[in-house]
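S.K.: Pasting a structure here, questions to come.
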Amino acid sequence: MIKFNIPPYIGKENEYIAQAIASRKICGDGTFTQRCDQWLESQTHTAKALLTTSCTHATEMAALLCDIQPGDEVIMPSYTFVSTANAFVLNGASIVFVDVRPDTMNIDEKLIEAAVTPKTKAIVPVHYAGVACEMDKIMEIADKYSLKVVEDAAQGVMSEYKGRPLGTIGDYGCLSFHETKNYSMGEGGCLLIRDKEMIEKAEIIREKGTNRSKFFRGEIDKYTWVSAGSSYLPSELNAAYLCAQLEQAQMIYDDRMSSWNLYYELLSPLSETGKITLPAVPDGCKHNAHMFYIKAADLEERSALIKYLKAQDIYSVFHYIPLHTAPAGLEYGRFHGEDIYTTKESERLLRLPMYYGLKPEDVRFVCDKIIQFYQ
Ligand SMILES: *Cc1c(COP(=O)(O)O)cnc(C)c1O
């Protein structure tokens, strides 16, 4: 059987978790949380990285930091995970969806400006499959209309746009360390903060609205309730698991990349004859092999292919149901302009098995079966 995903595990996690337990400090912001934060800061060169309980929660923090108020509008693609929208909906925002580009499935940067209204507060680009959105254009629009930019870089750890790590270009970047992502802690995430002035406020939001972080650093002699906030700090046990993986990030990256490249090579003949479409990586984007997807002709063909692969014990999956067509999407959002690609392309897309440790012979087997299907 070839599973779709196996959570990353390199072997050092047990030792680190045992160390966390032995240290008698298993709540948040201990040694392992700090080691993860420091690794993320040195890897991304951003002002601050704060480990969180999930990418969903990092995005909620970003929404609070952007001071999203009821009635504000937030622009994002409809082809994304529910959390991208929910984080802003919780603060009363209404979501304005725009179409994606068919080549990357990222928000079409050329359609954003027309969706801006006097109520627009933020743009939320989602770097699908760890391939960057066209950030120069997005930042230009944000500057022009004084909008905040929150990057959903859940899938983008170790990816870059023109040499800059994803999640560090906009005001805030949200990373995920869910078990389905390249680097994991079970459930977890990180908020990247670009501007120094926002660090203190972010620490307070993460620590239940208190200035406890300052207290722990010895900067104040008692901590107190200073603003709205919540509990977004992960436990040391989870951070220890992640720490082991971040230290070996390049090894995990290389392993995934070799699977990705092998898929690409073996499936290229099918794409050259026009049977399937392969993912595109635009110039200037360094991706992280988060996902390998192909596109079938249409929904019907994709369903048949999933079934065919499953009969060979290969597990492939489709992805997002466009948010604007979902019950909550209808309630909290609207689609600006025409849905030319979002629905159509999402119905064609099929994700193939991809995880750290996937064997080359398994990639070959999957590709052989896909080629057989099309014969
Ligand atoms: C995984 C994912 C999330 C949510 O991440 P969690 O850490 O599970 O909250 C959000 N957005 C995108 C694009 C994702 O892929």
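Note on naming: chains are A, B, ... as they come in the structure tokens, residues start from 1 per chain, ligands start from 1 in the order shown.
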Kindly provide the residues of chain A that approach ligand 1 to within 9 Å, each paired with its closest atom pair and their distance in Å to one decimal, based on only C-alpha atoms and all ligand atoms, listed by chain and increasing number, as CSV.
M.R.:
residue,atom,partner,partner_atom_place_in_ligand_line,distance
A:Thr52,CA,ligand 1,7 (O),8.8
A:Thr53,CA,ligand 1,7 (O),7.5
A:Ser54,CA,ligand 1,7 (O),3.8
A:Cys55,CA,ligand 1,7 (O),3.7
A:Thr56,CA,ligand 1,9 (O),3.6
A:His57,CA,ligand 1,9 (O),6.4
A:Ala58,CA,ligand 1,9 (O),7.9
A:Thr59,CA,ligand 1,10 (C),8.2
A:Tyr79,CA,ligand 1,13 (C),8.9
A:Thr80,CA,ligand 1,13 (C),5.5
A:Phe81,CA,ligand 1,11 (N),5.0
A:Val82,CA,ligand 1,10 (C),7.2
A:Ser83,CA,ligand 1,10 (C),5.3
A:Thr84,CA,ligand 1,11 (N),5.5
A:Val126,CA,ligand 1,13 (C),5.9
A:His127,CA,ligand 1,13 (C),7.0
A:Tyr128,CA,ligand 1,13 (C),6.4
A:Ala129,CA,ligand 1,15 (O),8.0
A:Asp152,CA,ligand 1,11 (N),5.9
A:Ala153,CA,ligand 1,13 (C),6.7
A:Ala154,CA,ligand 1,14 (C),4.7
A:Gln155,CA,ligand 1,15 (O),5.3
A:Gly156,CA,ligand 1,15 (O),8.8
A:Cys174,CA,ligand 1,10 (C),8.1
A:Leu175,CA,ligand 1,7 (O),7.1
A:Ser176,CA,ligand 1,7 (O),4.1
A:Phe177,CA,ligand 1,7 (O),5.6
A:His178,CA,ligand 1,7 (O),4.8
A:Glu179,CA,ligand 1,8 (O),8.2
A:Thr180,CA,ligand 1,1 (C),7.2
A:Lys181,CA,ligand 1,1 (C),6.9
A:Gly186,CA,ligand 1,7 (O),8.8
A:Glu187,CA,ligand 1,7 (O),6.0
A:Gly188,CA,ligand 1,7 (O),5.3
A:Gly189,CA,ligand 1,7 (O),5.2
A:Cys190,CA,ligand 1,7 (O),8.5
S.K.: Do you know which residues are at most 8 Å from Tyr356 in chain A counting only C-alpha atoms, after dropping those on the same chain fewer than 2 positions away, and could you put them as number ranges by chain?
M.R.: A: 6-8, 182, 252, 255-256, 354, 358
S.K.: Between CA of Tyr320 in chain A and CA of Ser346 in chain A, what is the distance, to one decimal in Å?
M.R.: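 One can read the CA of Tyr320 in chain A to CA of Ser346 in chain A distance as 7.0 Å.
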S.K.: In Å to one decimal, how far is CA of Ala115 in chain A from CA of Ala87 in chain A?
M.R.: 19.9 Å
S.K.: Considering only strand (DSSP E) as DSSP defines it on the backbone, what residues of range 90-319 of chain A qualify? List them as a ChimeraX atom specification.
M.R.: /A:94-98,120-123,148-152,160-161,164-165,172-176,189-193,285-286,292-295
S.K.: Let me see the file: selected residues, N, CA, C and O atoms, as a CSV table (one decimal), in the first residue's frame.
M.R.:
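What landed in selection_0.csv:
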chain,number,residue,atom,x,y,z
A,94,SER,N,-15.8,40.4,6.4
A,94,SER,CA,-16.4,39.7,5.3
A,94,SER,C,-15.3,39.5,4.3
A,94,SER,O,-14.4,40.2,4.1
A,95,ILE,N,-15.4,38.3,3.6
A,95,ILE,CA,-14.3,37.8,2.8
A,95,ILE,C,-14.7,38.1,1.3
A,95,ILE,O,-15.8,37.8,0.9
A,96,VAL,N,-13.7,38.6,0.6
A,96,VAL,CA,-13.8,38.9,-0.8
A,96,VAL,C,-12.9,38.0,-1.5
A,96,VAL,O,-11.7,38.1,-1.4
A,97,PHE,N,-13.5,37.0,-2.2
A,97,PHE,CA,-12.7,36.0,-2.9
A,97,PHE,C,-12.4,36.5,-4.4
A,97,PHE,O,-13.3,37.0,-5.0
A,98,VAL,N,-11.1,36.2,-4.8
A,98,VAL,CA,-10.9,36.5,-6.2
A,98,VAL,C,-10.3,35.2,-6.8
A,98,VAL,O,-9.9,34.3,-6.1
A,120,THR,N,-11.8,47.6,2.4
A,120,THR,CA,-10.7,46.6,2.4
A,120,THR,C,-9.6,46.9,3.4
A,120,THR,O,-9.2,48.0,3.5
A,121,LYS,N,-9.3,45.8,4.2
A,121,LYS,CA,-8.3,46.0,5.2
A,121,LYS,C,-7.0,45.2,5.0
A,121,LYS,O,-6.0,45.6,5.4
A,122,ALA,N,-7.2,44.1,4.4
A,122,ALA,CA,-6.0,43.2,4.2
A,122,ALA,C,-6.1,42.3,3.0
A,122,ALA,O,-7.2,42.1,2.5
A,123,ILE,N,-5.0,41.9,2.5
A,123,ILE,CA,-4.9,40.9,1.4
A,123,ILE,C,-4.2,39.7,2.1
A,123,ILE,O,-3.2,39.8,2.8
A,148,LYS,N,-3.0,45.8,4.9
A,148,LYS,CA,-2.1,44.8,5.6
A,148,LYS,C,-2.0,43.6,4.7
A,148,LYS,O,-2.9,43.2,3.9
A,149,VAL,N,-0.8,42.9,4.8
A,149,VAL,CA,-0.7,41.6,4.0
A,149,VAL,C,-0.3,40.5,5.0
A,149,VAL,O,0.6,40.6,5.8
A,150,VAL,N,-1.2,39.5,5.0
A,150,VAL,CA,-1.0,38.3,5.9
A,150,VAL,C,-0.7,37.1,4.9
A,150,VAL,O,-1.6,36.8,4.2
A,151,GLU,N,0.5,36.6,4.9
A,151,GLU,CA,0.8,35.5,4.0
A,151,GLU,C,0.4,34.2,4.7
A,151,GLU,O,0.9,33.9,5.8
A,152,ASP,N,-0.5,33.4,4.0
A,152,ASP,CA,-0.7,32.1,4.5
A,152,ASP,C,0.4,31.2,3.9
A,152,ASP,O,0.2,30.8,2.7
A,160,GLU,N,10.9,30.0,-1.2
A,160,GLU,CA,11.3,31.4,-1.3
A,160,GLU,C,10.7,32.1,-2.5
A,160,GLU,O,10.3,31.4,-3.5
A,161,TYR,N,10.6,33.4,-2.4
A,161,TYR,CA,10.2,34.3,-3.6
A,161,TYR,C,11.3,35.3,-3.8
A,161,TYR,O,11.6,36.1,-2.9
A,164,ARG,N,13.6,35.5,-1.0
A,164,ARG,CA,13.1,35.8,0.4
A,164,ARG,C,12.2,34.7,0.8
A,164,ARG,O,11.2,34.3,0.1
A,165,PRO,N,12.4,34.2,2.1
A,165,PRO,CA,11.6,33.1,2.6
A,165,PRO,C,10.1,33.5,2.6
A,165,PRO,O,9.7,34.6,3.0
A,172,TYR,N,2.7,39.9,8.2
A,172,TYR,CA,2.7,38.7,9.0
A,172,TYR,C,2.8,37.5,8.1
A,172,TYR,O,2.2,37.5,7.0
A,173,GLY,N,3.4,36.4,8.6
A,173,GLY,CA,3.4,35.2,7.8
A,173,GLY,C,3.0,34.0,8.8
A,173,GLY,O,3.4,34.0,9.9
A,174,CYS,N,2.2,33.1,8.3
A,174,CYS,CA,1.6,32.1,9.1
A,174,CYS,C,2.1,30.7,8.5
A,174,CYS,O,1.9,30.4,7.4
A,175,LEU,N,2.8,30.0,9.4
A,175,LEU,CA,3.3,28.7,9.0
A,175,LEU,C,2.6,27.5,9.7
A,175,LEU,O,2.1,27.8,10.8
A,176,SER,N,2.6,26.4,9.1
A,176,SER,CA,1.9,25.2,9.8
A,176,SER,C,2.9,24.1,10.0
A,176,SER,O,3.7,23.8,9.1
A,189,GLY,N,2.1,25.6,14.7
A,189,GLY,CA,2.4,26.6,13.7
A,189,GLY,C,3.3,27.6,14.2
A,189,GLY,O,3.9,27.5,15.2
A,190,CYS,N,3.4,28.7,13.4
A,190,CYS,CA,4.3,29.8,13.8
A,190,CYS,C,3.8,31.1,13.1
A,190,CYS,O,3.3,31.1,12.0
A,191,LEU,N,3.9,32.2,13.9
A,191,LEU,CA,3.6,33.5,13.4
A,191,LEU,C,4.9,34.2,13.1
A,191,LEU,O,5.8,34.3,14.1
A,192,LEU,N,5.2,34.6,11.9
A,192,LEU,CA,6.4,35.4,11.6
A,192,LEU,C,6.0,36.9,11.6
A,192,LEU,O,5.0,37.2,11.0
A,193,ILE,N,6.8,37.7,12.2
A,193,ILE,CA,6.4,39.1,12.4
A,193,ILE,C,7.5,39.9,11.7
A,193,ILE,O,8.7,39.8,12.1
A,285,CYS,N,10.7,31.6,-8.1
A,285,CYS,CA,10.2,30.9,-7.0
A,285,CYS,C,11.0,29.6,-6.7
A,285,CYS,O,11.3,28.8,-7.6
A,286,LYS,N,11.4,29.5,-5.4
A,286,LYS,CA,12.0,28.2,-5.0
A,286,LYS,C,11.0,27.5,-4.2
A,286,LYS,O,10.6,28.0,-3.1
A,292,PHE,N,2.9,17.1,-4.6
A,292,PHE,CA,3.0,16.9,-6.1
A,292,PHE,C,1.6,16.6,-6.6
A,292,PHE,O,0.9,15.7,-6.2
A,293,TYR,N,1.1,17.5,-7.4
A,293,TYR,CA,-0.2,17.3,-8.0
A,293,TYR,C,-0.2,17.2,-9.5
A,293,TYR,O,0.8,17.7,-10.1
A,294,ILE,N,-1.2,16.6,-10.1
A,294,ILE,CA,-1.3,16.6,-11.5
A,294,ILE,C,-2.8,17.1,-11.7
A,294,ILE,O,-3.6,17.1,-10.8
A,295,LYS,N,-3.1,17.5,-13.0
A,295,LYS,CA,-4.4,17.8,-13.3
A,295,LYS,C,-4.9,16.9,-14.4
A,295,LYS,O,-4.3,16.8,-15.5
S.K.: For Met139 in chain A, work out the shell of residues within 12 Å, counting only C-alpha atoms and skipping chain neighbours fewer than 5 positions away, then give it as a list in words.
M.R.: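 Final neighbour list, sorted by chain and number: Glu109, Ile112, Glu113, Ala122, Ile123, Val124, Pro125, Cys133, Glu134, Lys144, Tyr145, Ser146, Leu147, Lys148, Val149, Val150, Glu151, Thr168, Ile169, Gly170 and Asp171 of chain A.
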S.K.: What is the CA of Lys12 in chain A to CA of Pro360 in chain A distance in Å?
M.R.: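 Going from CA of Lys12 in chain A over to CA of Pro360 in chain A, I get 23.8 Å.
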S.K.: Please identify all polymer residues within 9 Å of Tyr264 in chain A, counting only C-alpha atoms, omitting same-chain residues fewer than 5 positions from it, and present them as a list in words.
M.R.: Ser259, Leu278, Pro279 and Phe292 of chain A
S.K.: Return as an MDAnalysis selection string the full set of residues in range 280-361 of chain A whose backbone-based DSSP assignment is helix (DSSP H, G or I).
M.R.: chainID A and resid 299:311 323:325 327:332 342:348 360:361
S.K.: Do you know which residues are at most 10 Å from Lys214 in chain A counting only C-alpha atoms, after dropping those on the same chain fewer than 4 positions away, and could you put them as a PDB file with N, CA, C and O atoms, in the first residue's frame?
M.R.:
ATOM      1  N   GLU A 200       5.838  42.986  20.635  1.00  0.00           N
ATOM      2  CA  GLU A 200       5.312  42.981  22.002  1.00  0.00           C
ATOM      3  C   GLU A 200       3.805  42.693  22.013  1.00  0.00           C
ATOM      4  O   GLU A 200       3.315  41.878  22.807  1.00  0.00           O
ATOM      5  N   GLU A 203       3.222  39.032  21.379  1.00  0.00           N
ATOM      6  CA  GLU A 203       3.521  38.201  22.550  1.00  0.00           C
ATOM      7  C   GLU A 203       2.377  38.263  23.565  1.00  0.00           C
ATOM      8  O   GLU A 203       2.041  37.257  24.193  1.00  0.00           O
ATOM      9  N   ILE A 204       1.788  39.421  23.695  1.00  0.00           N
ATOM     10  CA  ILE A 204       0.679  39.590  24.645  1.00  0.00           C
ATOM     11  C   ILE A 204      -0.555  38.802  24.184  1.00  0.00           C
ATOM     12  O   ILE A 204      -1.175  38.089  24.975  1.00  0.00           O
ATOM     13  N   THR A 210      -1.871  38.774  28.404  1.00  0.00           N
ATOM     14  CA  THR A 210      -1.030  39.266  29.514  1.00  0.00           C
ATOM     15  C   THR A 210       0.387  39.567  29.015  1.00  0.00           C
ATOM     16  O   THR A 210       0.796  39.077  27.968  1.00  0.00           O
ATOM     17  N   GLY A 218      12.223  39.000  32.817  1.00  0.00           N
ATOM     18  CA  GLY A 218      12.686  39.824  33.932  1.00  0.00           C
ATOM     19  C   GLY A 218      12.571  41.316  33.667  1.00  0.00           C
ATOM     20  O   GLY A 218      13.159  42.132  34.369  1.00  0.00           O
ATOM     21  N   GLU A 219      11.787  41.685  32.651  1.00  0.00           N
ATOM     22  CA  GLU A 219      11.683  43.117  32.314  1.00  0.00           C
ATOM     23  C   GLU A 219      10.665  43.847  33.188  1.00  0.00           C
ATOM     24  O   GLU A 219      10.685  45.073  33.276  1.00  0.00           O
ATOM     25  N   ILE A 220       9.752  43.081  33.804  1.00  0.00           N
ATOM     26  CA  ILE A 220       8.787  43.659  34.737  1.00  0.00           C
ATOM     27  C   ILE A 220       8.675  42.721  35.937  1.00  0.00           C
ATOM     28  O   ILE A 220       9.024  41.541  35.822  1.00  0.00           O
ATOM     29  N   ASP A 221       8.195  43.227  37.105  1.00  0.00           N
ATOM     30  CA  ASP A 221       8.212  42.340  38.272  1.00  0.00           C
ATOM     31  C   ASP A 221       6.892  41.640  38.559  1.00  0.00           C
ATOM     32  O   ASP A 221       6.808  40.780  39.429  1.00  0.00           O
ATOM     33  N   LYS A 222       5.825  41.989  37.847  1.00  0.00           N
ATOM     34  CA  LYS A 222       4.624  41.160  37.893  1.00  0.00           C
ATOM     35  C   LYS A 222       3.881  41.304  36.566  1.00  0.00           C
ATOM     36  O   LYS A 222       4.014  42.316  35.887  1.00  0.00           O
ATOM     37  N   TYR A 223       3.134  40.251  36.225  1.00  0.00           N
ATOM     38  CA  TYR A 223       2.430  40.361  34.946  1.00  0.00           C
ATOM     39  C   TYR A 223       0.945  40.535  35.180  1.00  0.00           C
ATOM     40  O   TYR A 223       0.411  40.167  36.232  1.00  0.00           O
TER      41      TYR A 223
END
S.K.: Please provide the set of residues having any atom within 7 Å of Tyr241 in chain A, restricted to only C-alpha atoms, with same-chain residues fewer than 6 positions apart removed, written as a VMD selection string.
M.R.: chain A and resid 13 16 to 17 185
S.K.: Go through A:Leu262, A:Ala289, A:Lys196, A:Ala63 one by one, measure the shortest atom-to-atom distance of each to Val157 in chain A using only C-alpha atoms, and give the residue with the smallest value.
M.R.: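 Checking each of A:Leu262, A:Ala289, A:Lys196, A:Ala63 against Val157 in chain A, counting only C-alpha atoms, the winner is A:Ala289.
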S.K.: Extract, using only C-alpha atoms, all DNA, RNA and protein residues at most 12 Å from Met251 in chain A, discarding same-chain residues fewer than 5 positions from it, and format them as a list of chain:residue names.
M.R.: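 Once the adjacent positions are removed, what remains is A:Pro8, A:Tyr9, A:Ile10, A:Met158, A:Asn182, A:Tyr183, A:Ala244, A:Gln245, A:Leu246, A:Arg256, A:Met257, A:Ser258, A:Asn288, A:Tyr356, A:Gly357.
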S.K.: Identify which of the residues A:Asp254, A:Glu140, A:Val74, A:Leu166 lies closest to Lys119 in chain A, counting only C-alpha atoms when measuring atom-to-atom distances.
M.R.: A:Val74
S.K.: From the options A:Ser184, A:Pro118, A:Ala85, A:Thr46, which residue's atoms come nearest to Ala240 in chain A, counting only C-alpha atoms?
M.R.: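 With only C-alpha atoms as the atom set, the closest residue is A:Ser184.
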